[in-house]
$ cat model-v4.cif   # mmCIF, C-alpha atoms
data_protein
loop_
_atom_site.label_atom_id
_atom_site.label_comp_id
_atom_site.auth_asym_id
_atom_site.auth_seq_id
_atom_site.Cartn_x
_atom_site.Cartn_y
_atom_site.Cartn_z
CA MET A 1 191.34 109.12 -124.51
CA ILE A 2 191.31 106.44 -121.86
CA PRO A 3 193.46 103.43 -122.82
CA LEU A 4 191.71 100.06 -122.89
CA ALA A 5 194.40 98.54 -120.66
CA HIS A 6 193.58 100.92 -117.83
CA ILE A 7 189.86 100.15 -117.93
CA LEU A 8 190.53 96.41 -117.96
CA ALA A 9 192.98 96.83 -115.07
CA VAL A 10 190.25 98.48 -112.98
CA SER A 11 187.86 95.67 -113.95
CA ALA A 12 190.43 93.02 -112.94
CA ILE A 13 191.11 94.69 -109.60
CA LEU A 14 187.39 94.93 -108.78
CA PHE A 15 186.87 91.30 -109.76
CA VAL A 16 189.70 90.05 -107.55
CA LEU A 17 188.45 92.23 -104.69
CA GLY A 18 185.03 90.60 -105.03
CA ALA A 19 186.54 87.12 -105.12
CA ALA A 20 188.71 87.86 -102.07
CA GLY A 21 185.67 89.11 -100.16
CA PHE A 22 183.82 85.95 -101.15
CA ILE A 23 186.55 83.85 -99.55
CA ILE A 24 187.27 85.77 -96.38
CA ARG A 25 183.82 86.87 -95.22
CA ARG A 26 181.56 84.92 -92.90
CA ASN A 27 178.20 86.66 -93.23
CA ILE A 28 176.23 85.26 -96.13
CA ILE A 29 174.70 88.60 -97.17
CA THR A 30 178.17 90.17 -97.43
CA ILE A 31 179.28 87.19 -99.52
CA PHE A 32 176.32 87.83 -101.80
CA MET A 33 177.35 91.46 -102.14
CA CYS A 34 180.84 90.36 -103.18
CA ILE A 35 179.21 88.30 -105.96
CA GLU A 36 177.47 91.47 -107.15
CA LEU A 37 180.83 93.25 -107.06
CA MET A 38 182.30 90.58 -109.35
CA LEU A 39 179.36 90.92 -111.74
CA ASN A 40 179.90 94.67 -111.91
CA ALA A 41 183.59 94.21 -112.68
CA VAL A 42 182.60 92.04 -115.63
CA ASN A 43 180.09 94.67 -116.77
CA LEU A 44 182.88 97.24 -116.86
CA ALA A 45 184.97 94.92 -119.04
CA PHE A 46 182.02 94.48 -121.43
CA VAL A 47 181.50 98.24 -121.76
CA ALA A 48 185.25 98.73 -122.29
CA PHE A 49 185.29 96.24 -125.15
CA ALA A 50 182.10 97.65 -126.65
CA ARG A 51 183.89 100.98 -126.87
CA HIS A 52 187.10 99.44 -128.13
CA LEU A 53 185.45 97.42 -130.90
CA GLY A 54 182.86 100.06 -131.79
CA ASN A 55 180.10 97.51 -131.33
CA LEU A 56 177.02 98.08 -129.19
CA ASP A 57 176.59 94.35 -128.52
CA GLY A 58 178.77 94.65 -125.42
CA GLN A 59 176.32 97.12 -123.91
CA ILE A 60 173.38 94.83 -124.73
CA PHE A 61 175.17 92.11 -122.81
CA VAL A 62 175.60 94.46 -119.84
CA PHE A 63 171.83 95.07 -119.97
CA PHE A 64 171.18 91.35 -119.74
CA VAL A 65 173.76 90.87 -116.97
CA ILE A 66 172.02 93.55 -114.91
CA VAL A 67 168.62 91.93 -115.47
CA VAL A 68 169.90 88.47 -114.56
CA ALA A 69 171.69 89.89 -111.51
CA ALA A 70 168.39 91.39 -110.37
CA ALA A 71 166.61 88.05 -110.72
CA GLU A 72 169.46 86.25 -108.99
CA ALA A 73 169.56 88.73 -106.12
CA THR A 74 165.82 88.30 -105.60
CA VAL A 75 165.92 84.52 -105.42
CA GLY A 76 169.20 84.45 -103.47
CA LEU A 77 167.90 86.82 -100.81
CA ALA A 78 164.69 84.78 -100.55
CA ILE A 79 166.83 81.69 -99.93
CA ILE A 80 168.81 83.58 -97.29
CA VAL A 81 165.59 84.65 -95.55
CA ALA A 82 164.32 81.05 -95.57
CA LEU A 83 167.71 79.85 -94.29
CA TYR A 84 167.70 82.37 -91.46
CA ARG A 85 164.18 81.36 -90.52
CA ASN A 86 165.28 77.75 -90.12
CA ARG A 87 168.81 78.05 -88.75
CA GLU A 88 168.70 81.39 -86.90
CA THR A 89 172.19 82.21 -88.13
CA LEU A 90 173.75 84.18 -90.97
CA ALA A 91 177.24 82.73 -90.61
CA ILE A 92 178.09 80.30 -93.35
CA ASP A 93 180.46 78.19 -91.33
CA GLU A 94 177.64 77.29 -88.99
CA VAL A 95 175.49 76.02 -91.85
CA ASP A 96 177.73 73.11 -92.70
CA SER A 97 175.22 70.28 -93.01
CA MET A 98 171.82 69.87 -94.52
CA LYS A 99 170.47 68.21 -91.39
CA ASP A 100 169.58 70.41 -88.47
CA MET B 1 187.74 114.35 -119.20
CA ALA B 2 190.06 111.41 -118.63
CA ILE B 3 190.95 112.61 -115.15
CA LEU B 4 187.32 112.11 -114.12
CA PHE B 5 187.59 108.47 -115.15
CA TYR B 6 190.63 107.93 -112.94
CA ILE B 7 188.96 109.66 -110.01
CA ALA B 8 185.87 107.45 -110.42
CA ALA B 9 188.10 104.37 -110.78
CA ALA B 10 190.01 105.18 -107.60
CA LEU B 11 186.71 105.78 -105.78
CA ALA B 12 185.36 102.44 -107.03
CA ILE B 13 188.45 100.55 -105.87
CA ILE B 14 188.50 102.20 -102.45
CA ALA B 15 184.79 101.53 -102.00
CA GLY B 16 185.36 97.94 -103.19
CA LEU B 17 187.97 97.51 -100.49
CA SER B 18 185.48 98.92 -98.03
CA VAL B 19 182.84 96.40 -99.14
CA ILE B 20 185.08 93.44 -98.35
CA LEU B 21 186.72 94.80 -95.21
CA GLN B 22 183.80 96.29 -93.25
CA ARG B 23 182.55 94.18 -90.35
CA THR B 24 178.98 95.53 -90.41
CA PRO B 25 176.84 94.39 -93.37
CA VAL B 26 175.02 97.72 -93.68
CA TYR B 27 178.33 99.54 -94.22
CA SER B 28 179.26 96.98 -96.88
CA ALA B 29 175.94 97.62 -98.62
CA LEU B 30 176.47 101.38 -98.58
CA SER B 31 180.01 100.95 -99.92
CA LEU B 32 178.64 98.77 -102.70
CA ILE B 33 176.24 101.57 -103.64
CA VAL B 34 179.27 103.89 -103.90
CA VAL B 35 180.94 101.34 -106.20
CA LEU B 36 177.83 101.17 -108.38
CA CYS B 37 177.59 104.95 -108.72
CA ALA B 38 181.32 105.26 -109.50
CA LEU B 39 180.86 102.59 -112.18
CA ALA B 40 177.90 104.53 -113.58
CA VAL B 41 180.16 107.59 -113.93
CA MET B 42 182.70 105.42 -115.74
CA TYR B 43 180.04 104.07 -118.11
CA LEU B 44 179.02 107.64 -118.95
CA LEU B 45 182.62 108.42 -119.87
CA LEU B 46 182.92 105.28 -121.98
CA GLY B 47 180.00 106.06 -124.27
CA ALA B 48 177.30 104.08 -122.48
CA PRO B 49 174.80 106.61 -121.13
CA PHE B 50 171.82 104.26 -121.28
CA ILE B 51 173.66 101.56 -119.36
CA ALA B 52 174.82 104.12 -116.80
CA VAL B 53 171.26 105.24 -116.09
CA ILE B 54 170.01 101.62 -116.01
CA GLN B 55 172.78 100.81 -113.54
CA VAL B 56 171.73 103.59 -111.18
CA ILE B 57 168.00 102.91 -111.47
CA VAL B 58 168.00 99.10 -111.38
CA TYR B 59 171.21 98.10 -109.62
CA ALA B 60 171.72 100.90 -107.11
CA GLY B 61 168.07 101.81 -106.88
CA ALA B 62 166.31 98.46 -106.70
CA ILE B 63 168.76 95.61 -106.02
CA MET B 64 170.70 97.41 -103.31
CA VAL B 65 167.47 98.60 -101.70
CA LEU B 66 166.42 94.94 -101.58
CA PHE B 67 169.75 94.06 -99.99
CA VAL B 68 169.45 96.75 -97.32
CA MET B 69 165.84 95.72 -96.60
CA VAL B 70 166.88 92.09 -96.10
CA ILE B 71 169.83 93.13 -93.91
CA MET B 72 167.48 95.11 -91.73
CA LEU B 73 164.79 92.39 -91.76
CA LEU B 74 167.25 89.75 -90.59
CA ASN B 75 168.95 92.22 -88.26
CA ALA B 76 172.43 91.32 -89.47
CA ARG B 77 174.87 92.33 -86.80
CA ARG B 78 178.59 92.93 -86.76
CA GLU B 79 180.41 89.89 -88.02
CA SER B 80 182.48 88.05 -85.44
CA ALA B 81 185.68 86.24 -86.30
CA THR B 82 185.34 82.59 -87.17
CA ASP B 83 186.51 79.87 -84.83
CA ARG B 84 186.82 77.33 -87.62
CA SER B 85 189.77 76.70 -89.87
CA ARG B 86 191.17 79.68 -91.73
CA LEU B 87 192.95 77.57 -94.28
CA ALA B 88 190.81 78.97 -97.09
CA HIS B 89 191.87 82.51 -96.21
CA PHE B 90 195.59 81.74 -96.19
CA LEU B 91 195.45 79.67 -99.35
CA GLY B 92 192.86 81.64 -101.25
CA VAL B 93 194.02 85.23 -100.89
CA PRO B 94 197.60 84.68 -102.17
CA LEU B 95 196.20 82.71 -105.11
CA LEU B 96 193.83 85.57 -105.87
CA ILE B 97 196.72 88.02 -105.78
CA ALA B 98 198.52 85.74 -108.23
CA LEU B 99 195.38 85.79 -110.43
CA LEU B 100 195.33 89.59 -110.33
CA VAL B 101 198.99 89.79 -111.34
CA GLU B 102 198.36 87.38 -114.21
CA LEU B 103 195.29 89.32 -115.41
CA LEU B 104 197.16 92.63 -115.32
CA PHE B 105 200.10 91.07 -117.14
CA VAL B 106 197.89 89.67 -119.90
CA VAL B 107 196.02 92.97 -120.25
CA TRP B 108 199.26 94.91 -120.43
CA ARG B 109 200.72 92.64 -123.07
CA GLN B 110 197.59 92.19 -125.14
CA PHE B 111 196.40 95.79 -125.29
CA PRO B 112 199.45 98.04 -125.31
CA VAL B 113 198.54 101.60 -124.51
CA ALA B 114 200.08 103.12 -127.61
CA SER B 115 198.35 101.00 -130.19
CA THR B 116 194.77 100.65 -128.95
CA HIS B 117 192.28 103.28 -129.97
CA PRO B 118 188.50 103.07 -129.82
CA ALA B 119 187.18 101.88 -133.16
CA ALA B 120 184.51 104.55 -133.49
CA ILE B 121 182.82 107.10 -131.30
CA LEU B 122 180.15 105.00 -129.68
CA GLU B 123 176.75 106.46 -128.90
CA GLY B 124 175.01 104.10 -126.50
CA ASP B 125 171.84 106.13 -126.60
CA PRO B 126 168.40 104.56 -126.00
CA VAL B 127 167.48 104.64 -129.72
CA SER B 128 170.45 102.53 -130.81
CA ILE B 129 170.16 100.18 -127.83
CA GLY B 130 166.43 99.83 -128.42
CA ARG B 131 166.98 99.07 -132.07
CA LEU B 132 169.37 96.26 -131.16
CA LEU B 133 167.23 94.95 -128.32
CA PHE B 134 164.05 94.67 -130.33
CA GLN B 135 165.55 93.48 -133.61
CA THR B 136 168.66 91.35 -133.20
CA TYR B 137 168.25 90.41 -129.53
CA VAL B 138 164.49 90.17 -129.21
CA LEU B 139 164.58 86.48 -128.23
CA PRO B 140 166.92 86.95 -125.23
CA PHE B 141 164.85 89.99 -124.29
CA GLU B 142 161.62 87.97 -124.14
CA VAL B 143 163.35 85.11 -122.35
CA THR B 144 164.63 87.48 -119.65
CA SER B 145 161.11 88.75 -119.09
CA ILE B 146 160.03 85.15 -118.39
CA LEU B 147 163.12 84.80 -116.17
CA ILE B 148 162.08 87.79 -114.09
CA LEU B 149 158.56 86.39 -113.73
CA VAL B 150 159.92 83.03 -112.56
CA ALA B 151 162.32 84.75 -110.15
CA MET B 152 159.44 86.70 -108.64
CA LEU B 153 157.39 83.53 -108.18
CA GLY B 154 160.36 81.69 -106.71
CA ALA B 155 161.11 84.47 -104.24
CA VAL B 156 157.51 84.60 -103.03
CA VAL B 157 157.33 80.82 -102.59
CA LEU B 158 160.70 80.61 -100.82
CA ALA B 159 160.16 83.44 -98.40
CA LYS B 160 156.55 82.74 -97.52
CA GLU B 161 155.69 81.96 -93.93
CA ARG B 162 154.71 78.35 -93.55
CA VAL B 163 151.09 78.17 -92.43
CA LYS B 164 150.83 75.60 -89.66
CA GLY B 165 148.56 72.67 -90.49
CA LYS B 166 147.31 73.62 -93.93
CA GLY B 167 149.14 74.24 -97.28
#
$ encode --input "model-v4.cif" --output "structure tokens"
Amino acid sequence: MIPLAHILAVSAILFVLGAAGFIIRRNIITIFMCIELMLNAVNLAFVAFARHLGNLDGQIFVFFVIVVAAAEATVGLAIIVALYRNRETLAIDEVDSMKD
Amino acid sequence: MAILFYIAAALAIIAGLSVILQRTPVYSALSLIVVLCALAVMYLLLGAPFIAVIQVIVYAGAIMVLFVMVIMLLNARRESATDRSRLAHFLGVPLLIALLVELLFVVWRQFPVASTHPAAILEGDPVSIGRLLFQTYVLPFEVTSILILVAMLGAVVLAKERVKGKG
């Protein structure tokens, strides 16, 4: 049997890795991928608790998180494409004002 | 059986480190796919086979393909170091390490290894998930289908080429 504490530890480590990547990276697509990493860490925590409590609701929530992440990735990447078309850059520290 | 979980967990963490440390976005995307597949293995071991397959099909198979297509469309190159202030790095990363230590401490205290057992053997098979999705959670299910439709419309509108003169 896998102890709940170990699964949650893996989830916490993945979440903090995603947050650290969000802070230190410059390319906006990589930052977006770190957001997805954080979402997956949370999914692991949900599945862990679904198993621990014997309740399938945690897995239903993971289903909805995956669906919402898909919708969010679609719109976010469309925004990034539009941003690149206008600013010709993918570095976030060069997009620091709404004016050109 | 448990050893497979720890192997998949170690693989996920190493690949996670690779996602945040690689300079080339395509390598980050490939490392993220490794993370997603390692997580799918973990879900299989935790009694969530339906979620594991959904993760591989939707997350690794559709979302990451979209990511790689956009990376190639925008021709994202190797990231160069920033010439702006790095204050956020030096403040943020130690605070995140503090957050990790706190989370691990709370988890260790709250769920001691000896006393936590799974409540029941969970079968996350499609029949049980489907029963829940279409009975108890049918409203969120329908709302997410509208959400996906709106996201599709939004993506098309945002990424469309502007036609000069008309529209």
$ closest_atom_pairs --input "model-v4.cif" --of "chain A" --to "chain B" --cutoff "8 Å" --atoms "all atoms listed in the file" --output "tab-separated table"
residue	atom	partner	partner_atom	distance
A:Met1	CA	B:Ala2	CA	6.4
A:Ile2	CA	B:Ala2	CA	6.1
A:Pro3	CA	B:Val113	CA	5.7
A:Leu4	CA	B:Phe111	CA	6.8
A:Ala5	CA	B:Phe111	CA	5.7
A:Leu8	CA	B:Val107	CA	6.9
A:Ala9	CA	B:Leu104	CA	5.9
A:Val10	CA	B:Ala9	CA	6.6
A:Ala12	CA	B:Leu100	CA	6.5
A:Ile13	CA	B:Leu100	CA	6.7
A:Leu14	CA	B:Ile13	CA	6.4
A:Val16	CA	B:Leu100	CA	6.3
A:Leu17	CA	B:Gly16	CA	6.7
A:Gly18	CA	B:Ile20	CA	7.3
A:Ala19	CA	B:Leu96	CA	7.5
A:Ala20	CA	B:Val93	CA	6.0
A:Gly21	CA	B:Ile20	CA	4.7
A:Ile23	CA	B:His89	CA	6.4
A:Ile24	CA	B:His89	CA	5.6
A:Arg25	CA	B:Ile20	CA	7.4
A:Arg26	CA	B:Glu79	CA	7.1
A:Asn27	CA	B:Glu79	CA	6.5
A:Ile29	CA	B:Pro25	CA	7.2
A:Thr30	CA	B:Pro25	CA	6.0
A:Met33	CA	B:Ala29	CA	7.2
A:Cys34	CA	B:Ile20	CA	7.1
A:Leu37	CA	B:Leu32	CA	7.4
A:Asn40	CA	B:Leu36	CA	7.7
A:Leu44	CA	B:Leu39	CA	7.4
A:Val47	CA	B:Tyr43	CA	7.0
A:Ala48	CA	B:Leu46	CA	7.0
A:Arg51	CA	B:Pro118	CA	5.9
A:His52	CA	B:Pro118	CA	4.2
A:Leu53	CA	B:Ala119	CA	5.3
A:Gly54	CA	B:Ala119	CA	4.9
A:Asn55	CA	B:Leu122	CA	7.7
A:Leu56	CA	B:Gly124	CA	6.9
A:Asp57	CA	B:Leu132	CA	7.9
A:Gln59	CA	B:Ile51	CA	6.9
A:Ile60	CA	B:Ile129	CA	7.0
A:Val62	CA	B:Ile51	CA	7.4
A:Phe63	CA	B:Ile51	CA	6.8
A:Phe64	CA	B:Thr144	CA	7.6
A:Ile66	CA	B:Tyr59	CA	7.0
A:Val67	CA	B:Thr144	CA	7.3
A:Val68	CA	B:Thr144	CA	7.4
A:Ala70	CA	B:Ile63	CA	6.1
A:Ala71	CA	B:Ala151	CA	5.4
A:Glu72	CA	B:Ala151	CA	7.4
A:Ala73	CA	B:Ile63	CA	6.9
A:Thr74	CA	B:Ala155	CA	6.2
A:Val75	CA	B:Ala155	CA	5.0
A:Leu77	CA	B:Val70	CA	7.1
A:Ala78	CA	B:Ala155	CA	5.2
A:Ile79	CA	B:Leu158	CA	6.3
A:Val81	CA	B:Ala159	CA	6.3
A:Ala82	CA	B:Ala159	CA	5.6
A:Tyr84	CA	B:Leu74	CA	7.4
A:Leu90	CA	B:Ala76	CA	7.4
A:Asp93	CA	B:Arg84	CA	7.4
$ write_last_selection --input "model-v4.cif" --atoms "C-alpha atoms" --output "PDB file, in the coordinates of the input"
ATOM      1  CA  MET A   1     191.340 109.120-124.510  1.00  0.00           C
ATOM      2  CA  ILE A   2     191.310 106.440-121.860  1.00  0.00           C
ATOM      3  CA  PRO A   3     193.460 103.430-122.820  1.00  0.00           C
ATOM      4  CA  LEU A   4     191.710 100.060-122.890  1.00  0.00           C
ATOM      5  CA  ALA A   5     194.400  98.540-120.660  1.00  0.00           C
ATOM      6  CA  LEU A   8     190.530  96.410-117.960  1.00  0.00           C
ATOM      7  CA  ALA A   9     192.980  96.830-115.070  1.00  0.00           C
ATOM      8  CA  VAL A  10     190.250  98.480-112.980  1.00  0.00           C
ATOM      9  CA  ALA A  12     190.430  93.020-112.940  1.00  0.00           C
ATOM     10  CA  ILE A  13     191.110  94.690-109.600  1.00  0.00           C
ATOM     11  CA  LEU A  14     187.390  94.930-108.780  1.00  0.00           C
ATOM     12  CA  VAL A  16     189.700  90.050-107.550  1.00  0.00           C
ATOM     13  CA  LEU A  17     188.450  92.230-104.690  1.00  0.00           C
ATOM     14  CA  GLY A  18     185.030  90.600-105.030  1.00  0.00           C
ATOM     15  CA  ALA A  19     186.540  87.120-105.120  1.00  0.00           C
ATOM     16  CA  ALA A  20     188.710  87.860-102.070  1.00  0.00           C
ATOM     17  CA  GLY A  21     185.670  89.110-100.160  1.00  0.00           C
ATOM     18  CA  ILE A  23     186.550  83.850 -99.550  1.00  0.00           C
ATOM     19  CA  ILE A  24     187.270  85.770 -96.380  1.00  0.00           C
ATOM     20  CA  ARG A  25     183.820  86.870 -95.220  1.00  0.00           C
ATOM     21  CA  ARG A  26     181.560  84.920 -92.900  1.00  0.00           C
ATOM     22  CA  ASN A  27     178.200  86.660 -93.230  1.00  0.00           C
ATOM     23  CA  ILE A  29     174.700  88.600 -97.170  1.00  0.00           C
ATOM     24  CA  THR A  30     178.170  90.170 -97.430  1.00  0.00           C
ATOM     25  CA  MET A  33     177.350  91.460-102.140  1.00  0.00           C
ATOM     26  CA  CYS A  34     180.840  90.360-103.180  1.00  0.00           C
ATOM     27  CA  LEU A  37     180.830  93.250-107.060  1.00  0.00           C
ATOM     28  CA  ASN A  40     179.900  94.670-111.910  1.00  0.00           C
ATOM     29  CA  LEU A  44     182.880  97.240-116.860  1.00  0.00           C
ATOM     30  CA  VAL A  47     181.500  98.240-121.760  1.00  0.00           C
ATOM     31  CA  ALA A  48     185.250  98.730-122.290  1.00  0.00           C
ATOM     32  CA  ARG A  51     183.890 100.980-126.870  1.00  0.00           C
ATOM     33  CA  HIS A  52     187.100  99.440-128.130  1.00  0.00           C
ATOM     34  CA  LEU A  53     185.450  97.420-130.900  1.00  0.00           C
ATOM     35  CA  GLY A  54     182.860 100.060-131.790  1.00  0.00           C
ATOM     36  CA  ASN A  55     180.100  97.510-131.330  1.00  0.00           C
ATOM     37  CA  LEU A  56     177.020  98.080-129.190  1.00  0.00           C
ATOM     38  CA  ASP A  57     176.590  94.350-128.520  1.00  0.00           C
ATOM     39  CA  GLN A  59     176.320  97.120-123.910  1.00  0.00           C
ATOM     40  CA  ILE A  60     173.380  94.830-124.730  1.00  0.00           C
ATOM     41  CA  VAL A  62     175.600  94.460-119.840  1.00  0.00           C
ATOM     42  CA  PHE A  63     171.830  95.070-119.970  1.00  0.00           C
ATOM     43  CA  PHE A  64     171.180  91.350-119.740  1.00  0.00           C
ATOM     44  CA  ILE A  66     172.020  93.550-114.910  1.00  0.00           C
ATOM     45  CA  VAL A  67     168.620  91.930-115.470  1.00  0.00           C
ATOM     46  CA  VAL A  68     169.900  88.470-114.560  1.00  0.00           C
ATOM     47  CA  ALA A  70     168.390  91.390-110.370  1.00  0.00           C
ATOM     48  CA  ALA A  71     166.610  88.050-110.720  1.00  0.00           C
ATOM     49  CA  GLU A  72     169.460  86.250-108.990  1.00  0.00           C
ATOM     50  CA  ALA A  73     169.560  88.730-106.120  1.00  0.00           C
ATOM     51  CA  THR A  74     165.820  88.300-105.600  1.00  0.00           C
ATOM     52  CA  VAL A  75     165.920  84.520-105.420  1.00  0.00           C
ATOM     53  CA  LEU A  77     167.900  86.820-100.810  1.00  0.00           C
ATOM     54  CA  ALA A  78     164.690  84.780-100.550  1.00  0.00           C
ATOM     55  CA  ILE A  79     166.830  81.690 -99.930  1.00  0.00           C
ATOM     56  CA  VAL A  81     165.590  84.650 -95.550  1.00  0.00           C
ATOM     57  CA  ALA A  82     164.320  81.050 -95.570  1.00  0.00           C
ATOM     58  CA  TYR A  84     167.700  82.370 -91.460  1.00  0.00           C
ATOM     59  CA  LEU A  90     173.750  84.180 -90.970  1.00  0.00           C
ATOM     60  CA  ASP A  93     180.460  78.190 -91.330  1.00  0.00           C
TER      61      ASP A  93
END
$ atom_distance --input "model-v4.cif" --atom1 "CA of Phe22 in chain A" --atom2 "CA of Ala41 in chain A"
14.2 Å
$ atom_distance --input "model-v4.cif" --atom1 "CA of Ala60 in chain B" --atom2 "CA of Ile80 in chain A"
20.1 Å
$ atom_distance --input "model-v4.cif" --atom1 "CA of Leu39 in chain A" --atom2 "CA of Pro49 in chain B"
18.8 Å
$ closest_residue --input "model-v4.cif" --among "B:Pro126, B:Ile33, B:Arg131, B:Ile146" --to "Val53 in chain B" --atoms "only C-alpha atoms"
B:Pro126
$ resolve_selection --input "model-v4.cif" --expression "the PyMOL selection byres ((chain A and resi 98) around 12)" --output "number ranges by chain"
A: 83, 86-87, 94-97, 99-100
$ residues_around --input "model-v4.cif" --residues "Phe46 in chain A" --least-positions-apart "3" --cutoff "7 Å" --atoms "only C-alpha atoms" --output "PyMOL selection string"
chain A and resi 42-43+49-50+58-59+62
$ build_atoms --input "model-v4.cif" --residues "range 14-26 of chain B" --atoms "N, CA and C atoms" --output "compact mmCIF listing (two decimals), keeping the file's coordinate frame"
# COMPACT_ATOMS: atom_id res chain seq x y z
N ILE B 14 188.52 101.98 -103.90
CA ILE B 14 188.50 102.20 -102.45
C ILE B 14 187.20 101.70 -101.85
N ALA B 15 186.08 102.00 -102.51
CA ALA B 15 184.79 101.53 -102.00
C ALA B 15 184.71 100.01 -102.08
N GLY B 16 185.32 99.40 -103.10
CA GLY B 16 185.36 97.94 -103.19
C GLY B 16 186.11 97.33 -102.02
N LEU B 17 187.23 97.96 -101.67
CA LEU B 17 187.97 97.51 -100.49
C LEU B 17 187.11 97.63 -99.24
N SER B 18 186.36 98.72 -99.18
CA SER B 18 185.48 98.92 -98.03
C SER B 18 184.40 97.86 -97.97
N VAL B 19 183.88 97.44 -99.14
CA VAL B 19 182.84 96.40 -99.14
C VAL B 19 183.36 95.13 -98.49
N ILE B 20 184.63 94.74 -98.83
CA ILE B 20 185.08 93.44 -98.35
C ILE B 20 185.72 93.53 -96.97
N LEU B 21 186.03 94.72 -96.49
CA LEU B 21 186.72 94.80 -95.21
C LEU B 21 185.84 95.27 -94.06
N GLN B 22 184.66 95.81 -94.33
CA GLN B 22 183.80 96.29 -93.25
C GLN B 22 183.20 95.12 -92.50
N ARG B 23 183.10 95.27 -91.17
CA ARG B 23 182.55 94.18 -90.35
C ARG B 23 181.04 94.22 -90.32
N THR B 24 180.44 95.41 -90.50
CA THR B 24 178.98 95.53 -90.41
C THR B 24 178.38 95.43 -91.80
N PRO B 25 177.39 94.56 -92.01
CA PRO B 25 176.84 94.39 -93.37
C PRO B 25 176.23 95.66 -93.95
N VAL B 26 175.63 96.51 -93.12
CA VAL B 26 175.02 97.72 -93.68
C VAL B 26 176.09 98.62 -94.29
